[in-house]
Structure formats: structure tokens, C-alpha cells
file target.txt (compact mmCIF, C-alpha atoms)
# COMPACT_ATOMS: atom_id res chain seq x y z
CA LYS A 1 69.11 103.54 100.24
CA ALA A 2 71.76 106.07 99.23
CA LYS A 3 74.98 104.86 97.64
CA ILE A 4 78.35 106.42 98.44
CA THR A 5 80.95 106.92 95.71
CA PHE A 6 84.46 107.95 96.76
CA ILE A 7 86.85 109.74 94.41
CA THR A 8 90.56 109.59 95.11
CA PHE A 9 93.96 109.36 93.42
CA ASP A 10 95.23 105.93 92.41
CA MET A 11 98.07 106.14 94.94
CA ASN A 12 95.44 105.56 97.65
CA GLN A 13 94.08 102.39 96.08
CA GLY A 14 96.20 100.11 98.27
CA LEU A 15 94.54 101.37 101.43
CA ILE A 16 90.98 101.71 100.15
CA LYS A 17 90.73 98.00 99.29
CA TYR A 18 91.13 97.09 102.97
CA MET A 19 88.34 99.40 104.19
CA ASP A 20 85.48 96.98 103.59
CA GLY A 21 81.95 98.34 103.40
CA LEU A 22 82.89 102.00 103.76
CA PHE A 23 82.04 102.90 100.15
CA ASP A 24 79.77 101.42 97.51
CA ASP A 25 82.03 102.49 94.67
CA VAL A 26 85.53 103.95 94.30
CA LEU A 27 86.63 106.01 91.29
CA LEU A 28 90.39 106.42 90.82
CA ILE A 29 92.17 109.34 89.18
CA LYS A 30 95.39 108.09 87.61
CA THR A 31 98.53 110.12 88.31
CA CYS A 32 101.16 108.15 86.37
CA SER A 33 101.24 110.77 83.60
CA ALA A 34 99.63 114.08 82.66
CA ARG A 35 97.69 112.35 79.90
CA SER A 36 96.28 109.70 82.24
CA PHE A 37 95.46 112.33 84.84
CA ILE A 38 93.47 114.45 82.38
CA ALA A 39 91.77 111.45 80.77
CA THR A 40 90.62 109.82 84.01
CA SER A 41 89.50 113.17 85.40
CA PHE A 42 87.22 113.73 82.40
CA ASP A 43 86.01 110.11 82.48
CA THR A 44 85.19 110.36 86.18
CA ALA A 45 83.28 113.63 85.83
CA PHE A 46 81.38 112.28 82.82
CA SER A 47 80.52 109.05 84.68
CA LEU A 48 79.19 110.97 87.67
CA ARG A 49 77.19 113.30 85.44
CA LYS A 50 75.51 110.27 83.84
CA LYS A 51 74.63 108.92 87.29
CA ARG A 52 72.92 112.23 88.19
CA VAL A 53 74.55 112.56 91.60
CA ASP A 54 72.24 113.93 94.27
CA LEU A 55 74.85 115.25 96.69
CA TYR A 56 78.57 115.91 96.29
CA PHE A 57 80.93 116.73 99.20
CA ASP A 58 84.26 118.27 98.20
CA LEU A 59 86.47 117.66 101.24
CA GLU A 60 89.54 119.42 99.87
CA PHE A 61 90.31 122.75 101.51
CA PHE A 62 91.63 125.01 98.77
CA SER A 63 92.10 122.89 95.64
CA ARG A 64 90.85 124.36 92.36
CA TYR A 65 91.01 120.90 90.82
CA SER A 66 88.58 119.31 93.28
CA ALA A 67 86.18 122.26 92.85
CA LEU A 68 86.24 121.83 89.08
CA MET A 69 85.65 118.07 89.42
CA CYS A 70 82.64 118.80 91.62
CA PHE A 71 81.25 121.40 89.23
CA PHE A 72 81.63 119.34 86.04
CA SER A 73 80.18 116.23 87.69
CA GLY A 74 76.85 118.08 87.69
CA PRO A 75 75.44 117.19 91.13
CA ARG A 76 72.04 118.51 92.16
CA THR A 77 73.52 119.72 95.44
CA SER A 78 77.18 120.37 96.19
CA VAL A 79 79.07 121.39 99.31
CA GLY A 80 82.63 122.70 99.48
CA TYR A 81 84.70 125.17 101.45
CA GLU A 82 84.38 128.79 100.47
CA SER A 83 87.54 130.72 99.74
CA LEU A 84 88.19 134.35 100.58
CA VAL A 85 90.94 134.40 97.95
CA LEU A 86 89.43 132.31 95.14
CA SER A 87 85.90 133.60 94.71
CA SER A 88 85.53 131.48 91.56
CA ARG A 89 86.02 128.34 93.68
CA THR A 90 83.27 129.34 96.10
CA SER A 91 80.82 129.94 93.24
CA MET A 92 81.15 126.33 92.08
CA TYR A 93 79.14 124.99 95.03
CA SER A 94 75.43 125.28 95.65
CA HIS A 95 76.19 125.35 99.40
CA PRO A 96 79.56 126.91 100.29
CA ALA A 97 80.72 125.93 103.78
CA LYS A 98 82.97 127.93 106.06
CA PHE A 99 86.43 126.54 106.76
CA ILE A 100 87.52 127.44 110.29
CA PRO A 101 91.35 127.46 110.34
CA MET A 102 91.79 126.88 114.08
CA ALA A 103 89.11 124.19 114.42
CA HIS A 104 89.85 120.48 114.43
CA ILE A 105 89.65 118.98 110.95
CA LYS A 106 86.85 116.67 112.08
CA GLU A 107 84.76 119.71 113.00
CA ASN A 108 85.38 121.25 109.60
CA PHE A 109 84.19 118.09 107.86
CA VAL A 110 81.07 117.96 110.04
CA ASN A 111 80.46 121.62 109.22
CA GLN A 112 79.84 120.65 105.60
CA VAL A 113 76.87 118.55 106.69
CA ARG A 114 75.59 121.32 108.94
CA THR A 115 75.72 123.70 105.96
CA LEU A 116 72.84 121.65 104.54
CA GLY A 117 70.78 122.37 107.66
CA LEU A 118 71.35 118.89 109.11
CA GLU A 119 72.46 118.07 112.63
CA VAL A 120 75.26 115.57 113.18
CA GLN A 121 75.62 113.51 116.33
CA ASP A 122 79.07 113.07 117.82
CA ILE A 123 80.94 110.48 115.76
CA GLU A 124 83.14 108.11 117.73
CA GLY A 125 85.90 105.90 116.41
CA TYR A 126 87.61 105.70 113.04
CA PRO A 127 87.32 103.41 110.01
CA GLU A 128 88.97 100.06 110.60
CA ILE A 129 91.51 98.53 108.24
CA ARG A 130 91.01 94.77 107.83
CA LEU A 131 93.90 92.78 106.39
CA PRO A 132 93.59 89.30 104.86
CA GLU A 133 95.04 86.52 107.02
CA GLU A 134 97.28 85.25 104.22
CA LEU A 135 99.00 88.65 104.04
CA VAL A 136 99.52 88.79 107.80
CA ASP A 137 100.81 85.20 107.83
CA ARG A 138 103.25 85.95 105.01
CA VAL A 139 104.79 88.88 106.86
CA ARG A 140 104.73 86.97 110.15
CA ASN A 141 106.79 84.22 108.55
CA LYS A 142 109.10 86.78 106.96
CA ILE A 143 109.96 88.48 110.25
CA ALA A 144 110.20 85.17 112.13
CA GLY A 145 113.44 84.53 110.26
CA LEU A 146 114.77 87.72 111.84
CA LYS A 147 113.63 86.57 115.30
CA LEU A 148 110.92 89.21 115.49
CA LEU A 149 107.87 88.05 117.41
CA PRO A 150 104.35 89.45 116.91
CA ASN A 151 103.50 92.20 119.39
CA ARG A 152 107.10 92.20 120.63
CA PHE A 153 108.70 95.00 118.60
CA PHE A 154 108.30 98.73 118.04
CA ILE A 155 108.05 100.52 114.69
CA PHE A 156 109.77 103.89 114.30
CA HIS A 157 108.74 105.74 111.12
CA GLY A 158 110.96 108.79 111.19
CA SER A 159 111.01 110.20 107.69
CA ALA A 160 108.15 112.03 106.05
CA SER A 161 109.65 112.37 102.58
CA GLU A 162 106.27 111.60 101.02
CA ALA A 163 104.71 114.47 102.97
CA GLY A 164 107.52 117.02 102.99
CA ALA A 165 110.88 117.57 104.64
CA HIS A 166 109.32 120.10 107.03
CA ARG A 167 107.69 117.19 108.91
CA VAL A 168 110.89 115.20 109.45
CA TRP A 169 112.09 114.85 113.04
CA PRO A 170 115.87 115.36 113.26
CA LYS A 171 118.00 112.23 113.00
CA HIS A 172 119.78 112.79 116.31
CA GLN A 173 116.40 112.90 118.07
CA TRP A 174 115.45 109.52 116.61
CA THR A 175 118.82 108.13 117.61
CA ALA A 176 118.38 109.37 121.19
CA LEU A 177 114.82 108.01 121.40
CA THR A 178 115.84 104.62 120.01
CA LYS A 179 118.73 104.40 122.44
CA ARG A 180 116.48 105.16 125.40
CA ILE A 181 113.86 102.62 124.32
CA LEU A 182 116.51 99.92 123.95
CA GLN A 183 117.90 100.73 127.37
CA GLU A 184 114.50 100.53 129.07
CA SER A 185 112.89 97.72 127.07
CA SER A 186 113.94 94.34 125.77
CA MET A 187 111.95 94.81 122.57
CA PRO A 188 113.75 95.55 119.28
CA VAL A 189 113.05 98.61 117.15
CA VAL A 190 112.21 98.37 113.45
CA LEU A 191 112.90 101.44 111.29
CA THR A 192 110.65 101.96 108.26
CA GLY A 193 110.38 104.34 105.32
CA LEU A 194 110.56 104.63 101.54
CA VAL A 195 113.59 103.64 99.47
CA LYS A 196 114.74 107.26 99.29
CA ASP A 197 114.68 107.41 103.10
CA LYS A 198 117.46 104.81 103.37
CA PRO A 199 120.33 107.28 103.99
CA PHE A 200 118.30 108.81 106.84
CA THR A 201 117.58 105.53 108.64
CA GLN A 202 121.01 104.09 107.86
CA GLY A 203 122.53 107.05 109.66
CA ILE A 204 120.53 106.13 112.77
CA VAL A 205 121.64 102.49 112.54
CA ASP A 206 125.29 103.48 112.10
CA GLU A 207 125.25 105.74 115.16
CA LEU A 208 123.65 103.03 117.29
CA LYS A 209 126.08 100.37 116.06
CA ALA A 210 128.95 102.63 117.04
CA GLU A 211 127.58 102.48 120.58
CA GLY A 212 127.33 98.70 120.58
CA MET A 213 123.65 98.29 119.73
CA GLY A 214 123.63 95.61 117.04
CA GLU A 215 121.25 94.40 114.34
CA SER A 216 119.34 92.15 116.74
CA LEU A 217 118.08 95.27 118.51
CA VAL A 218 117.70 97.74 115.62
CA MET A 219 116.48 96.52 112.23
CA ASP A 220 116.21 98.73 109.18
CA PHE A 221 113.28 97.71 106.94
CA THR A 222 113.41 100.93 104.93
CA GLY A 223 112.49 100.27 101.31
CA SER A 224 112.23 96.50 101.80
CA LEU A 225 108.44 96.22 102.08
CA ASP A 226 105.64 96.89 99.66
CA PHE A 227 102.61 98.82 100.89
CA ASP A 228 100.58 95.74 101.84
CA GLU A 229 103.50 94.25 103.77
CA PHE A 230 104.01 97.54 105.58
CA LEU A 231 100.40 97.45 106.79
CA ALA A 232 100.85 93.86 107.97
CA LEU A 233 104.06 94.80 109.80
CA ILE A 234 102.18 97.56 111.64
CA HIS A 235 99.46 95.04 112.50
CA LEU A 236 102.06 92.72 114.03
CA SER A 237 103.88 95.43 116.02
CA ARG A 238 103.45 96.44 119.65
CA LEU A 239 103.55 100.21 119.13
CA VAL A 240 104.17 102.72 116.34
CA VAL A 241 106.07 105.99 116.73
CA THR A 242 105.76 108.17 113.64
CA VAL A 243 105.93 111.67 112.28
CA ASP A 244 102.81 113.30 110.87
CA THR A 245 102.44 111.49 107.57
CA GLY A 246 100.26 108.66 106.22
CA THR A 247 101.57 106.13 108.73
CA PRO A 248 99.54 107.25 111.77
CA HIS A 249 96.34 106.90 109.74
CA PHE A 250 97.31 103.32 108.95
CA SER A 251 98.23 102.40 112.53
CA ILE A 252 95.10 103.99 114.01
CA GLY A 253 93.01 102.14 111.43
CA LEU A 254 94.74 98.92 112.48
CA LYS A 255 93.95 99.67 116.16
CA LYS A 256 97.60 99.89 117.21
CA PRO A 257 98.92 102.17 119.98
CA THR A 258 100.41 105.14 118.16
CA VAL A 259 102.62 108.08 119.12
CA ILE A 260 102.51 110.90 116.54
CA ILE A 261 105.23 113.55 116.44
CA PHE A 262 103.61 116.70 115.06
CA GLY A 263 105.26 119.68 113.42
CA PRO A 264 104.67 122.16 111.93
CA GLU A 265 100.96 121.20 112.01
CA SER A 266 99.21 121.11 115.37
CA PRO A 267 97.61 118.08 117.07
CA GLU A 268 94.87 120.47 118.16
CA ARG A 269 93.82 120.61 114.52
CA TYR A 270 94.87 117.24 113.11
CA GLY A 271 95.37 114.92 116.09
CA TYR A 272 93.24 111.84 116.64
CA ARG A 273 90.61 112.04 119.36
CA LEU A 274 90.45 108.56 120.79

call {"tool": "encode", "arguments": {"input": "target.txt", "output": "C-alpha cells"}}
result
Amino acid sequence: KAKITFITFDMNQGLIKYMDGLFDDVLLIKTCSARSFIATSFDTAFSLRKKRVDLYFDLEFFSRYSALMCFFSGPRTSVGYESLVLSSRTSMYSHPAKFIPMAHIKENFVNQVRTLGLEVQDIEGYPEIRLPEELVDRVRNKIAGLKLLPNRFFIFHGSASEAGAHRVWPKHQWTALTKRILQESSMPVVLTGLVKDKPFTQGIVDELKAEGMGESLVMDFTGSLDFDEFLALIHLSRLVVTVDTGTPHFSIGLKKPTVIIFGPESPERYGYRL
């Protein structure tokens, strides 16, 4: 039986641990400093070379770094996207695959397998995120003190600072959407984001307060939750409205109804097909 090893940056560790059974082994590249990054990159490549990897899929589109990691890991067979600009990147794979810019990302991933002469059946569904009950209970108790009931509140994740300002939906649009939801539904809205997003979400809260919509209807959790608690909050929500960042991947993995606001990327290329 083949074993699957997944290589990723350490910032993704929090999510990977909740995706039980998807991988046999996970190797983390540390990003806390340049020294750690270089050291763990060399250690990872050396470890894979010792294991004599049979097949390596490089799922990055244009990264020189991922191509170098693939090459120095010494796999018998390697697949990665060819580049019309970086010919040196293309030469690092035994089987260069075509990247089709206008195709859905799922099709591009499947195309790597087809490059090996294999046929892939239509894949339905997405990996599920499974949270421990003690984590969910802890967050449930935390929000109970704020009179938030499970499955009786919406999450609005409006800032994409971790993905780039070009993906942020304007503040006045979030304010208008929140106002309409509160007018048509009795459920409160919870705003989420990173600590540095606080001025953005606070501006929404201030505008709504000025119109008489108090804290019982709009709650700002920005910067107040760690990553695990954020996942549990999504799990306990009724619906998630989010810009195109990491959050929709979390909510889809947690099987929650999700509305994704795209821009500048297209849902035709990166949207979920449920």
C-alpha cells in the first residue's frame, strides 16, 4: 500500500491536524526565520531522498522553491506544471504537466495525474475537518455567556488581510449587508478577522451602532479567538459569509453553508463545486 507524505508550511499545521486519515505523514517547513526556513527545507529534502520517493506531485503553479524541493528530494517520478517563462522550472520534472489558466483549479490538479497516463474518475466532495468535542464544548460555553446559541448566528469574515488587500470587500458593503440581514432575520451577526483587521470591523460596528443596532445583534470577535477556536465558532454557526481567503476552505470542510465573495479571482476557476 502506498503512503502519502504531505509537505506544507508550518502555518498550516493547525488545520492539518484536524484532517484525520488524509495523509500518512506531514513534513513542515518552518517560516519563523530565514535560518529555520532554509534548515527545514534542506532537512525535508534530505529526508525524502533517504525514503526514495516513488512519485512526487508539485501542486504549486509557478513557484521556483517548490520545483527545487521536488528536484532535490530525488523522486523516481515527478510531476509539476510546466512554465513558458521559467524553462529551468519545467526541466526539474520528469513529467511536466500543462497548466490551463482558464480551467477550474480542480481540473488542473487532476491533469497532473493524467500526465502520467492515468485516468481519474470524477471526484465528489471535499476533505472533512473533524474537531474534538472538548474544543467545540469550550467555545460553546464561551459564546453562551454572550447569549449566542449554536446554529443561531451568522459569521461575516470581511477582511482578507492574510491574503491581500485586493480581496477585501468594501466596508460600506459589509455594513449594508449586515443591516439587511438584521432587518430580515432575528439572528445576530458575528464579525471575525485577525488582530490587524480590528479597525476594519470596528468601523462596521460603529456605523451600525449609530443606527441603533447594538452589541446584542452585532458582535465583533476580531482578534479574540485563536485558530482552533475560530474553527469551532464556524462549526457552531448557521452560515458563513466570507471573502476569498482561507475561511471558505475551513467552513466547507466543516460542512457549513457558505457564501464566498470573489474578486479579483473568478469562482469559475476557484469556486467550490458542491

call {"tool": "residues_around", "arguments": {"input": "target.txt", "residues": "A:Ser66", "least_positions_apart": "4", "cutoff": "12 Å", "atoms": "only C-alpha atoms", "output": "PDB file with C-alpha atoms, in the coordinates of the input"}}
result
ATOM      1  CA  ILE A   7      86.850 109.740  94.410  1.00  0.00           C
ATOM      2  CA  THR A   8      90.560 109.590  95.110  1.00  0.00           C
ATOM      3  CA  PHE A   9      93.960 109.360  93.420  1.00  0.00           C
ATOM      4  CA  ILE A  29      92.170 109.340  89.180  1.00  0.00           C
ATOM      5  CA  SER A  41      89.500 113.170  85.400  1.00  0.00           C
ATOM      6  CA  THR A  44      85.190 110.360  86.180  1.00  0.00           C
ATOM      7  CA  ALA A  45      83.280 113.630  85.830  1.00  0.00           C
ATOM      8  CA  TYR A  56      78.570 115.910  96.290  1.00  0.00           C
ATOM      9  CA  PHE A  57      80.930 116.730  99.200  1.00  0.00           C
ATOM     10  CA  ASP A  58      84.260 118.270  98.200  1.00  0.00           C
ATOM     11  CA  LEU A  59      86.470 117.660 101.240  1.00  0.00           C
ATOM     12  CA  GLU A  60      89.540 119.420  99.870  1.00  0.00           C
ATOM     13  CA  PHE A  61      90.310 122.750 101.510  1.00  0.00           C
ATOM     14  CA  PHE A  62      91.630 125.010  98.770  1.00  0.00           C
ATOM     15  CA  CYS A  70      82.640 118.800  91.620  1.00  0.00           C
ATOM     16  CA  PHE A  71      81.250 121.400  89.230  1.00  0.00           C
ATOM     17  CA  PHE A  72      81.630 119.340  86.040  1.00  0.00           C
ATOM     18  CA  SER A  73      80.180 116.230  87.690  1.00  0.00           C
ATOM     19  CA  SER A  78      77.180 120.370  96.190  1.00  0.00           C
ATOM     20  CA  VAL A  79      79.070 121.390  99.310  1.00  0.00           C
ATOM     21  CA  GLY A  80      82.630 122.700  99.480  1.00  0.00           C
ATOM     22  CA  TYR A  81      84.700 125.170 101.450  1.00  0.00           C
ATOM     23  CA  ARG A  89      86.020 128.340  93.680  1.00  0.00           C
ATOM     24  CA  THR A  90      83.270 129.340  96.100  1.00  0.00           C
ATOM     25  CA  MET A  92      81.150 126.330  92.080  1.00  0.00           C
ATOM     26  CA  TYR A  93      79.140 124.990  95.030  1.00  0.00           C
TER      27      TYR A  93
END

call {"tool": "atom_distance", "arguments": {"input": "target.txt", "atom1": "atom CA of A:Arg49", "atom2": "atom CA of A:Gly74"}}
result
5.3 Å

call {"tool": "atom_distance", "arguments": {"input": "target.txt", "atom1": "atom CA of A:Ala2", "atom2": "atom CA of A:Glu119"}}
result
18.0 Å

call {"tool": "closest_residue", "arguments": {"input": "target.txt", "among": "A:Leu22, A:Ala232, A:Ile38, A:Leu225", "to": "A:Asn151", "atoms": "all atoms listed in the file"}}
result
A:Ala232

call {"tool": "atom_distance", "arguments": {"input": "target.txt", "atom1": "atom CA of A:Arg35", "atom2": "atom CA of A:Met11"}}
result
16.3 Å

call {"tool": "closest_residue", "arguments": {"input": "target.txt", "among": "A:Thr175, A:Leu233, A:Phe221, A:Phe156", "to": "A:Val205", "atoms": "all atoms listed in the file"}}
result
A:Thr175

call {"tool": "decode", "arguments": {"input": "target.txt", "residues": "stretch 137-171 of chain A", "atoms": "N, CA and C atoms", "output": "PDB file, in the first residue's frame"}}
result
ATOM      1  N   ASP A 137     -17.041  22.197  22.794  1.00  0.00           N
ATOM      2  CA  ASP A 137     -17.728  22.498  24.059  1.00  0.00           C
ATOM      3  C   ASP A 137     -17.168  23.761  24.699  1.00  0.00           C
ATOM      4  N   ARG A 138     -15.842  23.933  24.618  1.00  0.00           N
ATOM      5  CA  ARG A 138     -15.223  25.111  25.216  1.00  0.00           C
ATOM      6  C   ARG A 138     -15.714  26.398  24.558  1.00  0.00           C
ATOM      7  N   VAL A 139     -15.788  26.384  23.242  1.00  0.00           N
ATOM      8  CA  VAL A 139     -16.255  27.577  22.527  1.00  0.00           C
ATOM      9  C   VAL A 139     -17.760  27.749  22.707  1.00  0.00           C
ATOM     10  N   ARG A 140     -18.495  26.652  22.768  1.00  0.00           N
ATOM     11  CA  ARG A 140     -19.932  26.733  23.017  1.00  0.00           C
ATOM     12  C   ARG A 140     -20.211  27.417  24.359  1.00  0.00           C
ATOM     13  N   ASN A 141     -19.460  27.052  25.356  1.00  0.00           N
ATOM     14  CA  ASN A 141     -19.622  27.672  26.678  1.00  0.00           C
ATOM     15  C   ASN A 141     -19.195  29.139  26.661  1.00  0.00           C
ATOM     16  N   LYS A 142     -18.174  29.432  25.872  1.00  0.00           N
ATOM     17  CA  LYS A 142     -17.671  30.804  25.781  1.00  0.00           C
ATOM     18  C   LYS A 142     -18.714  31.733  25.161  1.00  0.00           C
ATOM     19  N   ILE A 143     -19.350  31.283  24.088  1.00  0.00           N
ATOM     20  CA  ILE A 143     -20.333  32.144  23.426  1.00  0.00           C
ATOM     21  C   ILE A 143     -21.680  32.151  24.142  1.00  0.00           C
ATOM     22  N   ALA A 144     -21.925  31.135  24.985  1.00  0.00           N
ATOM     23  CA  ALA A 144     -23.181  31.099  25.738  1.00  0.00           C
ATOM     24  C   ALA A 144     -23.283  32.302  26.665  1.00  0.00           C
ATOM     25  N   GLY A 145     -22.136  32.744  27.193  1.00  0.00           N
ATOM     26  CA  GLY A 145     -22.125  33.921  28.054  1.00  0.00           C
ATOM     27  C   GLY A 145     -22.499  35.192  27.322  1.00  0.00           C
ATOM     28  N   LEU A 146     -22.406  35.152  25.989  1.00  0.00           N
ATOM     29  CA  LEU A 146     -22.796  36.300  25.161  1.00  0.00           C
ATOM     30  C   LEU A 146     -24.177  36.103  24.550  1.00  0.00           C
ATOM     31  N   LYS A 147     -24.861  35.064  25.022  1.00  0.00           N
ATOM     32  CA  LYS A 147     -26.221  34.728  24.564  1.00  0.00           C
ATOM     33  C   LYS A 147     -26.270  34.359  23.090  1.00  0.00           C
ATOM     34  N   LEU A 148     -25.179  33.721  22.635  1.00  0.00           N
ATOM     35  CA  LEU A 148     -25.155  33.174  21.281  1.00  0.00           C
ATOM     36  C   LEU A 148     -25.479  31.691  21.354  1.00  0.00           C
ATOM     37  N   LEU A 149     -26.449  31.261  20.585  1.00  0.00           N
ATOM     38  CA  LEU A 149     -26.863  29.868  20.586  1.00  0.00           C
ATOM     39  C   LEU A 149     -26.307  29.148  19.360  1.00  0.00           C
ATOM     40  N   PRO A 150     -25.910  27.891  19.508  1.00  0.00           N
ATOM     41  CA  PRO A 150     -25.418  27.128  18.353  1.00  0.00           C
ATOM     42  C   PRO A 150     -26.428  27.103  17.209  1.00  0.00           C
ATOM     43  N   ASN A 151     -25.926  27.307  16.012  1.00  0.00           N
ATOM     44  CA  ASN A 151     -26.740  27.281  14.795  1.00  0.00           C
ATOM     45  C   ASN A 151     -27.759  28.419  14.743  1.00  0.00           C
ATOM     46  N   ARG A 152     -27.506  29.477  15.545  1.00  0.00           N
ATOM     47  CA  ARG A 152     -28.441  30.602  15.572  1.00  0.00           C
ATOM     48  C   ARG A 152     -27.714  31.934  15.402  1.00  0.00           C
ATOM     49  N   PHE A 153     -26.600  31.930  14.684  1.00  0.00           N
ATOM     50  CA  PHE A 153     -25.895  33.174  14.383  1.00  0.00           C
ATOM     51  C   PHE A 153     -25.129  33.012  13.080  1.00  0.00           C
ATOM     52  N   PHE A 154     -24.884  34.155  12.421  1.00  0.00           N
ATOM     53  CA  PHE A 154     -24.122  34.187  11.178  1.00  0.00           C
ATOM     54  C   PHE A 154     -22.701  34.676  11.453  1.00  0.00           C
ATOM     55  N   ILE A 155     -21.753  34.186  10.669  1.00  0.00           N
ATOM     56  CA  ILE A 155     -20.384  34.701  10.712  1.00  0.00           C
ATOM     57  C   ILE A 155     -20.124  35.499   9.443  1.00  0.00           C
ATOM     58  N   PHE A 156     -19.634  36.723   9.607  1.00  0.00           N
ATOM     59  CA  PHE A 156     -19.204  37.556   8.481  1.00  0.00           C
ATOM     60  C   PHE A 156     -17.692  37.752   8.605  1.00  0.00           C
ATOM     61  N   HIS A 157     -16.949  37.214   7.648  1.00  0.00           N
ATOM     62  CA  HIS A 157     -15.488  37.363   7.630  1.00  0.00           C
ATOM     63  C   HIS A 157     -15.145  38.275   6.466  1.00  0.00           C
ATOM     64  N   GLY A 158     -14.989  39.563   6.765  1.00  0.00           N
ATOM     65  CA  GLY A 158     -14.925  40.546   5.695  1.00  0.00           C
ATOM     66  C   GLY A 158     -13.561  41.012   5.271  1.00  0.00           C
ATOM     67  N   SER A 159     -12.534  40.708   6.057  1.00  0.00           N
ATOM     68  CA  SER A 159     -11.209  41.202   5.705  1.00  0.00           C
ATOM     69  C   SER A 159     -10.321  40.057   5.269  1.00  0.00           C
ATOM     70  N   ALA A 160      -9.552  40.296   4.240  1.00  0.00           N
ATOM     71  CA  ALA A 160      -8.653  39.260   3.717  1.00  0.00           C
ATOM     72  C   ALA A 160      -7.207  39.717   3.836  1.00  0.00           C
ATOM     73  N   SER A 161      -6.874  40.304   4.981  1.00  0.00           N
ATOM     74  CA  SER A 161      -5.525  40.863   5.141  1.00  0.00           C
ATOM     75  C   SER A 161      -4.447  39.806   4.996  1.00  0.00           C
ATOM     76  N   GLU A 162      -4.798  38.540   5.356  1.00  0.00           N
ATOM     77  CA  GLU A 162      -3.802  37.479   5.226  1.00  0.00           C
ATOM     78  C   GLU A 162      -3.642  37.040   3.780  1.00  0.00           C
ATOM     79  N   ALA A 163      -4.544  37.442   2.898  1.00  0.00           N
ATOM     80  CA  ALA A 163      -4.480  37.036   1.501  1.00  0.00           C
ATOM     81  C   ALA A 163      -4.234  38.208   0.551  1.00  0.00           C
ATOM     82  N   GLY A 164      -4.346  39.434   1.067  1.00  0.00           N
ATOM     83  CA  GLY A 164      -4.108  40.588   0.218  1.00  0.00           C
ATOM     84  C   GLY A 164      -5.277  41.554   0.219  1.00  0.00           C
ATOM     85  N   ALA A 165      -4.956  42.848   0.236  1.00  0.00           N
ATOM     86  CA  ALA A 165      -5.990  43.878   0.295  1.00  0.00           C
ATOM     87  C   ALA A 165      -6.888  43.861  -0.941  1.00  0.00           C
ATOM     88  N   HIS A 166      -6.399  43.314  -2.050  1.00  0.00           N
ATOM     89  CA  HIS A 166      -7.188  43.300  -3.281  1.00  0.00           C
ATOM     90  C   HIS A 166      -8.406  42.383  -3.173  1.00  0.00           C
ATOM     91  N   ARG A 167      -8.477  41.555  -2.126  1.00  0.00           N
ATOM     92  CA  ARG A 167      -9.626  40.665  -1.949  1.00  0.00           C
ATOM     93  C   ARG A 167     -10.636  41.190  -0.924  1.00  0.00           C
ATOM     94  N   VAL A 168     -10.369  42.341  -0.361  1.00  0.00           N
ATOM     95  CA  VAL A 168     -11.250  42.886   0.673  1.00  0.00           C
ATOM     96  C   VAL A 168     -12.488  43.513   0.036  1.00  0.00           C
ATOM     97  N   TRP A 169     -13.646  43.154   0.552  1.00  0.00           N
ATOM     98  CA  TRP A 169     -14.900  43.780   0.132  1.00  0.00           C
ATOM     99  C   TRP A 169     -15.043  45.101   0.882  1.00  0.00           C
ATOM    100  N   PRO A 170     -15.467  46.171   0.221  1.00  0.00           N
ATOM    101  CA  PRO A 170     -15.523  47.480   0.885  1.00  0.00           C
ATOM    102  C   PRO A 170     -16.362  47.474   2.167  1.00  0.00           C
ATOM    103  N   LYS A 171     -15.932  48.277   3.117  1.00  0.00           N
ATOM    104  CA  LYS A 171     -16.585  48.308   4.428  1.00  0.00           C
ATOM    105  C   LYS A 171     -18.058  48.696   4.331  1.00  0.00           C
TER     106      LYS A 171
END
